[in-house]
Every structure is written in C-alpha cells, then in structure tokens.
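Read through the structure below, which is laid out as structure tokens, and then see the notes.
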Amino acid sequence: MKRIFSLLTIAVLLIVAGCSGKSSGGAQDTAGTQDKAETKNITVSAAASLQPVLDELIAEFEKKHKDFHVTVNYGGSGALAQQISQGAPVDLFLSASADNVDQLKEKNLVSKDVLLLKNELVVVVPKEGAQSISDIKDLASKNVKKIALGTPETVPAGKYAEQTLKSLKLWDDLDDKIVYTKDVRQALNYVETGSVDAAFVYKTDALSSKKVKTAIVADPKLHDPIDYEMAVIKHKHEQWAKDFASFLQDKHCQDVFKKYGYLIPSKEHS
C-alpha cells in the first residue's frame, strides 16, 4: 500500500513539475511578445533644411527613450504635405511653411500644431568664388550665370525667394538664370559643387556648410514669415508623436536649434 502511495505521489509531483515548466515557458513567451510590442515606431516627415539638427536630436531622443524608434523622411515641405494628404503613414510633420500645415488642417488631418522655429532667407555663393555680390540686384549682373532655388510650388525656400524677387521686380529679369531644385539642400549643394553661381537658402543651411558664404540676407519684409510649423497628424501613433513633439520643444532642444542658427519664437506666438 505504501509503495502504491509513493508511486502516486511521484506521479503527481511529475505532473505538477511538468505544468510548472510549461507555465514558465509561456510566461517567457508572453514577456518576449510584450518586449516586441513595446517598441514605439513613429514616422516623421520633415523639411529638408532640418536634416542636420533633426538627425542629432533624433539620435538623442532614441538614446534617452530606448523603447522609441523614429523613422524620418526629408524633402520639400509642399511635396511632403501632398504625400500626407494622399494617405502616407506619417505621425509628425515638420514644415518650413505654415501654409502646408494649414492645407492639412483644412482636410481635418491635423490633431495638434505649434509654431516651433523661425528662420531667415539668404543668398549664398561659393566660399572661394570670385563673385562680388552684396545686393540682390547684383544677381542681374552678366557675371552671374545660374541661380538655384527650390521649386516655389513645393519648396518654401523657393516660394520665399520668388516673393522677394517679385517684390524687387527682378523675377522676370532673372527667369533665364534660375535653376529649380527639389528642396533647399539641393540648392545648397549646387553652390558647393560650383554648378551655380548663387542660391537662395536658409541661414541655417549656410551655417551648416564650409563651402559657401552668405552674400546677402534678404529683407524679411519682402516675403512671408519663415515659420516652421510642427503638426501631429491624425494617425494610429498620435500619442507617441506627441511625446516626441514635446521633446523637441524642451529647453535642451531649443538650445540645440539655436546652435544651428534657428530662431525660437516667443511664447505668445507659439
């Protein structure tokens, strides 16, 4: 009888041990699934001019928040806005023009938006070049053969350049010299490589390059305000986008933006 009891006891213990093992494995599987689920992937579309500073800040954000992964797509703000309006899976939009954000708001695609930064329009020339340009009217000189600027319909920097030249009644005179680019960084690159004699870019672009120098700072009264709007897009990762947007507005990030030459708007305008 004792032998039978002992065998039954051993059998019960083996069954319990087996169940415990399966339960532990299941817990590990569940934990593994939870770890994978905790990765917060967000997609950002940003004006090309923001690439140097935003790459730095995204790296900092991901280092500080290891559960986040940020994918960013740079380009002309107008083109990016078109992609979003056509259904591109974007969570956060950083535009170099308030107009592009307004277009998305009209389509009820924006959850929240804020004025993040301001910038200035400048004309750059090759650093080692022989061009003597000190006034925008000098661009009409015979010595200036090609001038790069972003396509006004899709690149805010190009739109601001067009407004400036039209205000000075120079647009038609310079038409044959203009080389259009897909974004402001391409316009900068054309000057760096000597493909053009001058280009309209942002102050921050000029500061980011060792191959160009600023010849002219455009009068801000001649064009619309250069406002960088940040918009949280109505998408499945809306809260995660808001978390990253909050990070970009903190004191540390503002100091980094200033280091790159951006202007921080006063609170009453933000």
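Note on naming: chains are A, B, ... as they come in the structure tokens, residues start from 1 per chain, ligands start from 1 in the order shown.
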
- Query: When DSSP works through the backbone of this structure, what residues of stretch 39-267 of chain A end up as strand (DSSP E), shown as a PyMOL selection string?
  - Reply: chain A and resi 40-47+68-75+92-95+110-118+121-126+147-150+178-181+198-202+212-217+227-233

List as a Markdown table every residue of stretch 90-143 of chain A that is in contact with stretch 76-81 of chain A, defined as an atom at most 7 Å from one of its atoms (using only C-alpha atoms), together with the nearest atom pair and the distance in Å rounded to one decimal, sorted by chain and then rising number.
```
| residue | atom | partner | partner_atom | distance |
| --- | --- | --- | --- | --- |
| A:Ser95 | CA | A:Ser77 | CA | 5.3 |
| A:Ala96 | CA | A:Ser77 | CA | 6.2 |
| A:Asn100 | CA | A:Gly78 | CA | 6.0 |
```

Output the selection as a tab-separated table (two decimals), in the first residue's frame - C-alpha atoms for each residue.
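The new file part25.tsv reads:
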```tsv
chain	number	residue	atom	x	y	z
A	95	SER	CA	7.11	72.05	-42.26
A	96	ALA	CA	9.11	75.12	-43.28
A	100	ASN	CA	1.43	73.49	-45.86
```

- Item | Residues within 8 Å of stretch 178-189 of chain A, only C-alpha atoms, excluding chain neighbours under 5 positions, as a list in words | Ala48, Ser49, Gly75, Gly76, Val124, Lys146, Ile147, Ala148, Leu149, Gly150, Thr151, Thr154, Val155, Ala157, Gly158, Ala199, Phe200, Val201, Tyr202, Asp205 and Ala206 of chain A

Keeping C-alpha atoms for every residue in the selection just given, could you write it to a file as a PDB file, in the first residue's frame?
```
ATOM      1  CA  ALA A  48      14.966  69.111 -45.845  1.00  0.00           C
ATOM      2  CA  SER A  49      16.544  72.141 -44.177  1.00  0.00           C
ATOM      3  CA  GLY A  75      12.027  66.679 -48.551  1.00  0.00           C
ATOM      4  CA  GLY A  76      10.314  69.824 -49.745  1.00  0.00           C
ATOM      5  CA  VAL A 124      24.944  82.094 -50.715  1.00  0.00           C
ATOM      6  CA  LYS A 146      22.967  80.492 -62.797  1.00  0.00           C
ATOM      7  CA  ILE A 147      20.949  80.906 -59.600  1.00  0.00           C
ATOM      8  CA  ALA A 148      19.483  77.934 -57.718  1.00  0.00           C
ATOM      9  CA  LEU A 149      16.269  77.993 -55.730  1.00  0.00           C
ATOM     10  CA  GLY A 150      13.696  75.427 -54.719  1.00  0.00           C
ATOM     11  CA  THR A 151      10.631  74.917 -56.885  1.00  0.00           C
ATOM     12  CA  THR A 154       6.699  72.584 -53.333  1.00  0.00           C
ATOM     13  CA  VAL A 155       9.716  74.173 -51.611  1.00  0.00           C
ATOM     14  CA  ALA A 157      12.511  78.485 -49.523  1.00  0.00           C
ATOM     15  CA  GLY A 158      11.823  78.784 -53.246  1.00  0.00           C
ATOM     16  CA  ALA A 199      21.441  80.134 -54.429  1.00  0.00           C
ATOM     17  CA  PHE A 200      18.609  81.158 -52.156  1.00  0.00           C
ATOM     18  CA  VAL A 201      18.724  79.047 -48.990  1.00  0.00           C
ATOM     19  CA  TYR A 202      18.060  79.460 -45.298  1.00  0.00           C
ATOM     20  CA  ASP A 205      21.787  75.913 -44.441  1.00  0.00           C
ATOM     21  CA  ALA A 206      24.532  78.474 -44.981  1.00  0.00           C
TER      22      ALA A 206
END
```

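Nearest residue to A:Ala215 among A:Pro126, A:Gly194, A:Pro152, A:Gly261 is A:Pro126, counting only C-alpha atoms.
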
- Message: Ranking A:Val125, A:Leu174, A:Leu248, A:Ile216 by minimum distance to A:Tyr190 and counting only C-alpha atoms, which one comes first?
- Response: A:Val125

- Task: Find the spatial neighbours of A:Asn73, counting only C-alpha atoms, within a cut-off of 8 Å - ignore same-chain residues fewer than 2 positions away - and output them as a ChimeraX atom specification.
- Result: /A:43-46,71,75

- Message: Write out as a ChimeraX atom specification the set of residues from stretch 21-253 of chain A that DSSP, computed on the backbone, places in alpha helix (DSSP H).
- Response: /A:21-37,51-64,77-85,98-106,156-167,171-174,184-192,203-208,238-248,251-253
